[in-house]
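K.L.:
Pasting input_38.cif here (mmCIF, C-alpha atoms):
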data_run
#
loop_
_atom_site.label_atom_id
_atom_site.label_comp_id
_atom_site.auth_asym_id
_atom_site.auth_seq_id
_atom_site.Cartn_x
_atom_site.Cartn_y
_atom_site.Cartn_z
CA MET A 918 0.00 0.00 0.00
CA ASN A 919 1.48 3.37 -1.04
CA ALA A 920 1.73 6.41 1.20
CA ALA A 921 -1.27 8.21 -0.33
CA ALA A 922 -3.51 5.20 0.24
CA ARG A 923 -2.34 4.88 3.86
CA VAL A 924 -3.02 8.57 4.50
CA ALA A 925 -6.47 8.33 2.90
CA ARG A 926 -7.32 5.26 4.99
CA ARG A 927 -6.23 7.00 8.19
CA LEU A 928 -8.27 10.10 7.37
CA VAL A 929 -11.37 8.01 6.71
CA ALA A 930 -10.84 6.08 9.94
CA SER A 931 -10.36 9.36 11.84
CA ALA A 932 -13.59 10.76 10.40
CA LEU A 933 -15.43 7.61 11.50
CA VAL A 934 -14.03 7.97 15.02
CA VAL A 935 -15.28 11.57 15.23
CA TRP A 936 -18.70 10.56 13.89
CA PHE A 937 -19.00 7.66 16.36
CA ALA A 938 -18.02 9.82 19.35
CA LEU A 939 -20.53 12.46 18.34
CA THR A 940 -23.28 9.88 17.82
CA VAL A 941 -22.69 8.30 21.24
CA ALA A 942 -22.71 11.73 22.91
CA PHE A 943 -25.93 12.66 21.08
CA ALA A 944 -27.66 9.45 22.16
CA ILE A 945 -26.52 9.65 25.79
CA HIS A 946 -27.42 13.30 26.21
CA TYR A 947 -30.95 12.91 24.88
CA ALA A 948 -31.46 9.72 26.89
CA LEU A 949 -30.83 11.57 30.16
CA PRO A 950 -33.88 12.65 32.16
CA GLY A 951 -34.93 16.27 32.14
CA ASP A 952 -36.34 18.80 29.70
CA PRO A 953 -33.94 21.44 28.31
CA ALA A 954 -36.89 23.63 27.31
CA ARG A 955 -38.23 23.58 30.87
CA ALA A 956 -34.76 24.36 32.25
CA LEU A 957 -34.40 27.27 29.84
CA ALA A 958 -37.90 28.68 30.42
CA GLY A 959 -37.65 28.42 34.20
CA PRO A 960 -39.73 26.61 36.81
CA GLN A 961 -42.47 29.27 36.79
CA ALA A 962 -43.11 29.12 33.02
CA ARG A 963 -46.53 28.05 31.81
CA PRO A 964 -46.84 24.68 30.00
CA ALA A 965 -47.91 26.49 26.82
CA ASP A 966 -44.75 28.62 26.88
CA VAL A 967 -42.58 25.56 27.44
CA LYS A 968 -44.30 23.78 24.55
CA ARG A 969 -43.77 26.76 22.26
CA LEU A 970 -40.10 27.00 23.25
CA ARG A 971 -39.64 23.27 22.65
CA ALA A 972 -41.03 23.70 19.14
CA GLN A 973 -38.76 26.67 18.45
CA LEU A 974 -35.70 24.67 19.48
CA GLY A 975 -36.76 21.65 17.44
CA LEU A 976 -36.97 19.46 20.54
CA ASP A 977 -40.48 18.29 19.62
CA ARG A 978 -39.17 16.45 16.55
CA PRO A 979 -38.30 12.74 16.59
CA LEU A 980 -34.77 11.93 17.77
CA ALA A 981 -33.76 10.67 14.32
CA ALA A 982 -34.91 13.95 12.75
CA GLN A 983 -32.90 15.99 15.28
CA TYR A 984 -29.86 13.79 14.60
CA ALA A 985 -30.14 14.23 10.82
CA LEU A 986 -30.70 17.98 11.16
CA PHE A 987 -27.58 18.37 13.31
CA PHE A 988 -25.31 16.75 10.72
CA ARG A 989 -27.02 18.47 7.79
CA ARG A 990 -26.48 21.90 9.29
CA ALA A 991 -23.01 21.24 10.72
CA VAL A 992 -21.21 22.49 7.58
CA HIS A 993 -23.08 24.17 4.75
CA ARG A 994 -22.62 26.87 2.15
CA GLY A 995 -23.78 30.42 2.67
CA GLU A 996 -22.89 34.08 2.23
CA PRO A 997 -19.50 35.31 3.54
CA THR A 998 -21.33 37.55 6.03
CA ILE A 999 -24.40 36.74 8.08
CA ALA A 1000 -27.17 39.31 8.16
CA ARG A 1001 -28.08 40.48 11.62
CA GLY A 1002 -31.33 38.95 12.80
CA ASP A 1003 -31.18 36.08 10.28
CA ARG A 1004 -32.75 33.29 12.33
CA GLU A 1005 -31.90 30.70 9.69
CA HIS A 1006 -28.19 31.24 10.38
CA ALA A 1007 -28.40 32.36 14.01
CA GLY A 1008 -26.03 29.62 15.18
CA CYS A 1009 -23.60 29.91 12.24
CA VAL A 1010 -20.03 31.13 12.22
CA ALA A 1011 -18.87 32.01 8.71
CA PHE A 1012 -15.45 31.01 7.35
CA GLY A 1013 -15.74 32.58 3.91
CA ARG A 1014 -18.67 30.89 2.18
CA ALA A 1015 -18.45 27.88 4.48
CA HIS A 1016 -20.81 28.12 7.44
CA VAL A 1017 -20.22 25.99 10.52
CA ASP A 1018 -23.35 25.60 12.61
CA LEU A 1019 -23.34 23.42 15.74
CA GLY A 1020 -26.45 25.02 17.13
CA TYR A 1021 -27.22 27.83 19.51
CA SER A 1022 -26.45 27.66 23.22
CA LEU A 1023 -29.67 27.38 25.20
CA GLN A 1024 -28.21 29.08 28.28
CA ARG A 1025 -25.52 31.45 26.96
CA ARG A 1026 -27.48 32.69 23.91
CA LYS A 1027 -24.47 32.41 21.61
CA PRO A 1028 -23.49 30.17 18.69
CA VAL A 1029 -21.80 27.01 19.93
CA VAL A 1030 -18.94 27.41 17.46
CA ALA A 1031 -18.19 30.87 18.86
CA LEU A 1032 -18.18 29.49 22.42
CA VAL A 1033 -15.80 26.66 21.49
CA LEU A 1034 -13.46 29.03 19.65
CA GLU A 1035 -13.43 31.35 22.69
CA ARG A 1036 -12.40 28.54 25.03
CA TRP A 1037 -9.96 26.81 22.66
CA PRO A 1038 -6.88 29.05 23.33
CA ALA A 1039 -7.12 28.48 27.09
CA SER A 1040 -7.30 24.71 26.68
CA LEU A 1041 -4.44 24.76 24.17
CA LEU A 1042 -2.22 26.77 26.54
CA LEU A 1043 -2.95 24.45 29.46
CA ALA A 1044 -2.41 21.33 27.32
CA ALA A 1045 0.94 22.59 26.01
CA CYS A 1046 2.25 23.48 29.48
CA ALA A 1047 1.02 20.25 31.09
CA LEU A 1048 2.47 18.17 28.27
CA ALA A 1049 5.82 19.93 28.63
CA VAL A 1050 5.84 19.08 32.35
CA GLN A 1051 4.97 15.46 31.61
CA VAL A 1052 7.52 14.91 28.86
CA LEU A 1053 10.47 16.85 30.29
CA ALA A 1054 10.14 15.85 33.94
CA GLY A 1055 9.07 12.26 33.20
CA SER A 1056 11.76 11.61 30.59
CA ALA A 1057 14.51 13.10 32.76
CA ALA A 1058 13.43 11.05 35.79
CA GLY A 1059 13.10 7.85 33.75
CA LEU A 1060 16.49 8.24 32.07
CA THR A 1061 18.17 9.01 35.39
CA ALA A 1062 16.60 5.95 37.02
CA ALA A 1063 17.58 3.69 34.10
CA LEU A 1064 21.23 4.77 34.16
CA ALA A 1065 21.41 4.47 37.97
CA ARG A 1066 19.97 0.97 38.06
CA GLY A 1067 19.63 -0.34 41.59
CA GLY A 1068 20.92 2.88 43.14
CA ARG A 1069 19.29 5.49 45.30
CA LEU A 1070 18.21 7.56 42.32
CA ASP A 1071 16.48 4.53 40.85
CA HIS A 1072 14.63 3.71 44.05
CA GLY A 1073 13.76 7.38 44.58
CA ALA A 1074 12.35 7.69 41.07
CA ILE A 1075 10.23 4.58 41.56
CA ALA A 1076 8.86 5.91 44.84
CA ALA A 1077 8.09 9.27 43.24
CA THR A 1078 6.25 7.66 40.31
CA LEU A 1079 4.17 5.50 42.64
CA LEU A 1080 3.23 8.61 44.60
CA GLY A 1081 2.45 10.52 41.41
CA VAL A 1082 0.02 7.93 40.05
CA SER A 1083 -1.61 7.34 43.45
CA VAL A 1084 -2.60 10.89 44.40
CA PRO A 1085 -5.90 12.00 42.79
CA PRO A 1086 -5.51 15.14 40.63
CA TYR A 1087 -8.03 17.19 42.63
CA LEU A 1088 -6.22 16.38 45.89
CA LEU A 1089 -2.85 17.25 44.38
CA GLY A 1090 -4.32 20.47 43.02
CA LEU A 1091 -5.67 21.48 46.41
CA GLY A 1092 -2.29 20.72 47.99
CA LEU A 1093 -0.45 22.82 45.42
CA GLN A 1094 -2.92 25.65 45.88
CA TYR A 1095 -2.37 25.62 49.64
CA LEU A 1096 1.42 25.39 49.49
CA LEU A 1097 2.47 27.40 46.44
CA ALA A 1098 -0.36 29.94 46.21
CA TYR A 1099 -1.68 30.41 49.76
CA ARG A 1100 1.39 29.84 51.93
CA LEU A 1101 4.32 30.81 49.69
CA ARG A 1102 2.38 33.13 47.33
CA TRP A 1103 4.60 32.21 44.40
CA VAL A 1104 1.77 31.86 41.90
CA PRO A 1105 -1.91 32.92 41.69
CA LEU A 1106 -4.50 30.69 43.32
CA ASP A 1107 -6.74 30.30 40.26
CA GLY A 1108 -8.17 32.20 37.31
CA TYR A 1109 -6.89 33.01 33.83
CA GLY A 1110 -5.40 36.51 33.84
CA GLU A 1111 -5.69 39.35 31.37
CA THR A 1112 -2.26 39.55 29.72
CA TRP A 1113 -0.05 36.73 28.46
CA GLY A 1114 2.36 37.30 31.34
CA GLU A 1115 -0.45 36.87 33.85
CA ARG A 1116 -1.73 33.79 32.02
CA LEU A 1117 1.68 32.11 32.20
CA ALA A 1118 1.65 32.68 35.96
CA HIS A 1119 -1.92 31.42 36.32
CA VAL A 1120 -1.27 28.29 34.24
CA ALA A 1121 1.53 27.08 36.55
CA LEU A 1122 -0.65 25.30 39.12
CA PRO A 1123 -3.09 23.55 36.75
CA ALA A 1124 -0.17 22.52 34.49
CA LEU A 1125 1.71 21.03 37.45
CA THR A 1126 -1.45 19.25 38.62
CA LEU A 1127 -2.07 17.69 35.22
CA GLY A 1128 1.60 17.06 34.49
CA ALA A 1129 2.42 15.26 37.74
CA TYR A 1130 0.34 12.18 36.93
CA GLY A 1131 1.56 11.99 33.35
CA ALA A 1132 5.18 12.57 34.36
CA ALA A 1133 5.02 9.57 36.67
CA LEU A 1134 3.79 7.33 33.85
CA TYR A 1135 6.36 8.70 31.42
CA ALA A 1136 9.17 8.12 33.92
CA ARG A 1137 8.30 4.44 34.29
CA LEU A 1138 7.89 4.04 30.53
CA VAL A 1139 11.23 5.67 29.71
CA ARG A 1140 13.02 3.78 32.49
CA ASP A 1141 11.84 0.39 31.27
CA ALA A 1142 12.41 1.22 27.58
CA VAL A 1143 15.95 2.49 28.14
CA ARG A 1144 16.85 -0.55 30.24
CA THR A 1145 15.54 -2.87 27.53
CA HIS A 1146 17.50 -1.13 24.77
CA LEU A 1147 20.71 -1.02 26.79
CA ARG A 1148 20.75 -4.85 26.70
CA LEU A 1149 20.35 -5.10 22.91
CA ASP A 1150 23.26 -6.40 20.81
CA HIS A 1151 23.65 -3.35 18.57
CA VAL A 1152 23.93 -1.08 21.61
CA ARG A 1153 26.59 -3.31 23.18
CA ALA A 1154 28.41 -3.36 19.85
CA ALA A 1155 28.34 0.44 19.73
CA PHE A 1156 29.96 0.58 23.16
CA ALA A 1157 32.53 -2.06 22.09
CA ARG A 1158 33.50 0.04 19.04
CA GLY A 1159 34.47 2.85 21.40
CA GLY A 1160 31.38 5.02 21.10
CA SER A 1161 30.97 7.60 23.83
CA ARG A 1162 28.27 7.00 26.43
CA ALA A 1163 26.40 10.17 25.48
CA ARG A 1164 26.42 9.35 21.74
CA VAL A 1165 25.35 5.72 22.15
CA ILE A 1166 22.55 6.59 24.57
CA GLY A 1167 21.39 9.57 22.54
CA PHE A 1168 21.52 7.99 19.08
CA HIS A 1169 20.99 4.28 19.61
CA VAL A 1170 18.97 4.10 22.83
CA LEU A 1171 16.79 7.18 23.17
CA ARG A 1172 15.84 7.33 19.51
CA ASN A 1173 14.36 3.82 19.59
CA ALA A 1174 13.08 4.04 23.15
CA SER A 1175 11.13 7.20 22.27
CA LEU A 1176 8.69 5.42 19.93
CA PRO A 1177 6.26 4.27 22.65
CA LEU A 1178 6.70 7.68 24.31
CA VAL A 1179 5.64 9.47 21.12
CA ALA A 1180 2.50 7.32 20.90
CA LEU A 1181 1.62 8.16 24.50
CA VAL A 1182 2.27 11.86 23.89
CA GLY A 1183 -0.23 11.76 21.02
CA LEU A 1184 -2.91 10.28 23.24
CA ASP A 1185 -2.23 12.69 26.09
CA ALA A 1186 -2.05 15.77 23.86
CA GLY A 1187 -5.45 15.05 22.37
CA ALA A 1188 -7.01 14.33 25.75
CA LEU A 1189 -5.54 17.50 27.28
CA MET A 1190 -6.68 19.69 24.39
CA ALA A 1191 -10.15 18.19 24.70
CA GLY A 1192 -10.30 19.63 28.20
CA ALA A 1193 -9.26 18.55 31.68
CA LEU A 1194 -12.62 18.53 33.42
CA VAL A 1195 -11.66 18.33 37.10
CA THR A 1196 -8.54 20.49 36.91
CA GLU A 1197 -10.16 23.27 34.89
CA LYS A 1198 -13.11 23.38 37.27
CA LEU A 1199 -10.83 23.39 40.34
CA PHE A 1200 -8.66 26.24 39.10
CA ARG A 1201 -11.48 28.14 37.34
CA TRP A 1202 -9.61 27.78 34.07
CA PRO A 1203 -11.90 28.89 31.21
CA GLY A 1204 -11.22 26.03 28.82
CA LEU A 1205 -13.26 23.38 27.07
CA GLY A 1206 -13.29 21.18 30.18
CA GLN A 1207 -15.08 23.74 32.32
CA LEU A 1208 -17.42 24.57 29.44
CA THR A 1209 -18.30 20.89 29.10
CA VAL A 1210 -19.04 20.47 32.81
CA ASP A 1211 -21.23 23.58 32.89
CA ALA A 1212 -23.09 22.52 29.74
CA VAL A 1213 -23.83 19.04 31.14
CA LEU A 1214 -25.15 20.52 34.39
CA ASP A 1215 -27.28 23.02 32.47
CA ARG A 1216 -28.57 20.37 30.02
CA ASP A 1217 -27.29 22.60 27.21
CA GLY A 1218 -27.27 19.92 24.51
CA PRO A 1219 -25.79 21.92 21.60
CA VAL A 1220 -22.81 23.00 23.73
CA VAL A 1221 -22.23 19.42 24.93
CA LEU A 1222 -22.15 18.17 21.36
CA GLY A 1223 -19.90 21.03 20.29
CA CYS A 1224 -17.41 20.23 23.05
CA VAL A 1225 -17.47 16.52 22.18
CA LEU A 1226 -16.85 17.34 18.52
CA ALA A 1227 -13.94 19.66 19.35
CA GLY A 1228 -12.46 17.11 21.74
CA SER A 1229 -12.70 14.20 19.32
CA ILE A 1230 -11.10 16.25 16.54
CA ALA A 1231 -8.26 17.20 18.90
CA VAL A 1232 -7.65 13.56 19.86
CA VAL A 1233 -7.69 12.39 16.25
CA ALA A 1234 -5.40 15.20 15.07
CA ALA A 1235 -2.90 14.59 17.89
CA ASN A 1236 -2.75 10.87 17.10
CA LEU A 1237 -2.21 11.55 13.40
CA ALA A 1238 0.66 13.88 14.32
CA ALA A 1239 2.11 11.21 16.63
CA ASP A 1240 1.97 8.61 13.84
CA ALA A 1241 3.81 11.00 11.52
CA ALA A 1242 6.47 11.61 14.17
CA LYS A 1243 6.95 7.86 14.69
CA ALA A 1244 7.40 7.40 10.95
CA LEU A 1245 10.15 10.03 10.98
CA LEU A 1246 11.92 8.31 13.88
CA ASP A 1247 11.60 4.75 12.54
CA PRO A 1248 12.21 4.26 8.79
CA ARG A 1249 10.57 0.81 8.95
CA LEU A 1250 7.18 2.46 9.44
CA ARG A 1251 7.56 4.29 6.11
CA ARG A 1252 7.87 1.11 4.09
CA PRO A 1253 4.91 0.23 1.80
#
For the file at hand, write its structure as C-alpha cells.
P.N.:
Amino acid sequence: MNAAARVARRLVASALVVWFALTVAFAIHYALPGDPARALAGPQARPADVKRLRAQLGLDRPLAAQYALFFRRAVHRGEPTIARGDREHAGCVAFGRAHVDLGYSLQRRKPVVALVLERWPASLLLAACALAVQVLAGSAAGLTAALARGGRLDHGAIAATLLGVSVPPYLLGLGLQYLLAYRLRWVPLDGYGETWGERLAHVALPALTLGAYGAALYARLVRDAVRTHLRLDHVRAAFARGGSRARVIGFHVLRNASLPLVALVGLDAGALMAGALVTEKLFRWPGLGQLTVDAVLDRDGPVVLGCVLAGSIAVVAANLAADAAKALLDPRLRRP
C-alpha cells in the first residue's frame, strides 16, 4: 500500500471515530432525564410557553430527525457575512462561504462554534504546558533511574512515580494551591489573567497538577524502555567500538526508546486539548473542560455536542501527528 492510500485510509478512519463519538454523545445526552426547554424557560413558566419553546428549538421532533438535522447543518454553504437577525443562520459562524453551525447555546445565547473558539486558546495553553511538564520531567526522571539501576536515584524515582500515580488530581491540586499559592504566594490561586504574562503565571498550578500524573507514567515508561534497549546487541556493539556514552545513549537508545513515548504523547495531547474537566473546574480555568461540565449541568445539549466534537477532533489530530512523528523516527514504518 502506497503512502497516499495509507493517509487516505487513516483520514477516513479518523472521520469515523469523530462521527461515532458524536453519535454516542448525542444518544446519551438525549437519553438523560430532564427537559432542556423547561430548564431554559424556568420553573415558573406556563406549559404552553414551554411547549412553544420546545417547538422553536426543534426538541419536539423525533430523535432521528434531530440527529439528521444536526449533521445536515453542521457544515453548509452560505454568504460570507451573516445578516443580523437572520434566524436561519443564528447559530452559524462564517469562514468565507463555508458556514459551521453546531447550534445555539440554550443558556448562553451564543453560537456554539463561537463558544468553542473562545475557550480553545485556554485549553491549548494548558495542554501545552502540562504536556511539557509530563515529557520533560518524566523523561529526565526515567532516564536518570535507568542509568542508575539499583541505586538510590532509581529507588527514589520509583517511589516518586508511585506517589504521582496514586494521588488523585483534585487532591494534588488542592495541595499545590495551599502550598504554592496560599502559603508561599509564588503563583496565583486560580483564574486566567488578562495579559499573556499573567496567564503564564496562572497556568503554573493547573499545568503542574495535570503534568504530575503523566510525568510519573512517562518516567516508568522511559526507564523500562531504556533498560531494555541497553541490553540489545547493537547497543553493546556500539559501546565495544568505542562510542561515547552520550552518543550511544542519545543515538541508539533514546531514539528507539522514544517510539512508545511518542505514541503516549499523542494520546495525552489530544485528551488534554479536549479539556481537563476536574482540573479546569478546580482552578477556574476557562477552557473546554469547564465549558463541558457547565453545559452538562445546564442540560445545554448543543454545547455538549460542540465540546465533544472539538475534543474528538483534537484527539484524532494529535494521534495523526504522533503517527507521523513515529514514521520520521523509525524508517521501517515508512515502508509500503
K.L.:
If you measure from atom CA of A:Ala944 to atom CA of A:Leu980, what distance in Å do you get, rounded to one decimal?
P.N.:
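According to the coordinates, atom CA of A:Ala944 and atom CA of A:Leu980 are separated by 8.7 Å.
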K.L.:
Using all atoms listed in the file, what does the table of stretch 1004-1112 of chain A residues within 10 Å of stretch 955-974 of chain A look like, with each row giving the shortest atom pair and its distance in Å to one decimal, sorted by chain and ascending number, as a tab-separated table?
P.N.:
residue	atom	partner	partner_atom	distance
A:Gly1020	CA	A:Leu974	CA	9.6
A:Tyr1021	CA	A:Leu974	CA	9.0
A:Leu1023	CA	A:Leu957	CA	6.6
A:Gln1024	CA	A:Leu957	CA	6.6
K.L.:
Any chance you could tabulate, as a tab-separated table, the residues of stretch 1129-1188 of chain A at most 12 Å from stretch 1083-1090 of chain A with each one's nearest atom pair and distance in Å to one decimal, using all atoms listed in the file, in chain and rising number order?
P.N.:
residue	atom	partner	partner_atom	distance
A:Ala1129	CA	A:Pro1086	CA	8.4
A:Tyr1130	CA	A:Pro1086	CA	7.5
A:Gly1131	CA	A:Pro1086	CA	10.6
A:Ala1133	CA	A:Ser1083	CA	9.7
A:Leu1134	CA	A:Ser1083	CA	11.0
K.L.:
Mind telling me what the PyMOL selection byres ((chain A and resi 1025) around 12) catches here, as a list in words?
P.N.:
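Going through the file, the PyMOL selection byres ((chain A and resi 1025) around 12) ends up selecting Leu957, Gly1008, Gly1020, Tyr1021, Ser1022, Leu1023, Gln1024, Arg1026, Lys1027, Pro1028, Val1029, Ala1031, Leu1032, Leu1208, Asp1211, Ala1212, Asp1215, Arg1216, Asp1217, Gly1218, Pro1219 and Val1220 of chain A.
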K.L.:
Taking the file as shown, find all residues satisfying the PyMOL selection byres ((chain A and resi 1102-1117) around 10) and write them as number ranges by chain.
P.N.:
A: 1039, 1042-1043, 1046, 1091, 1093-1101, 1118-1123, 1197-1204
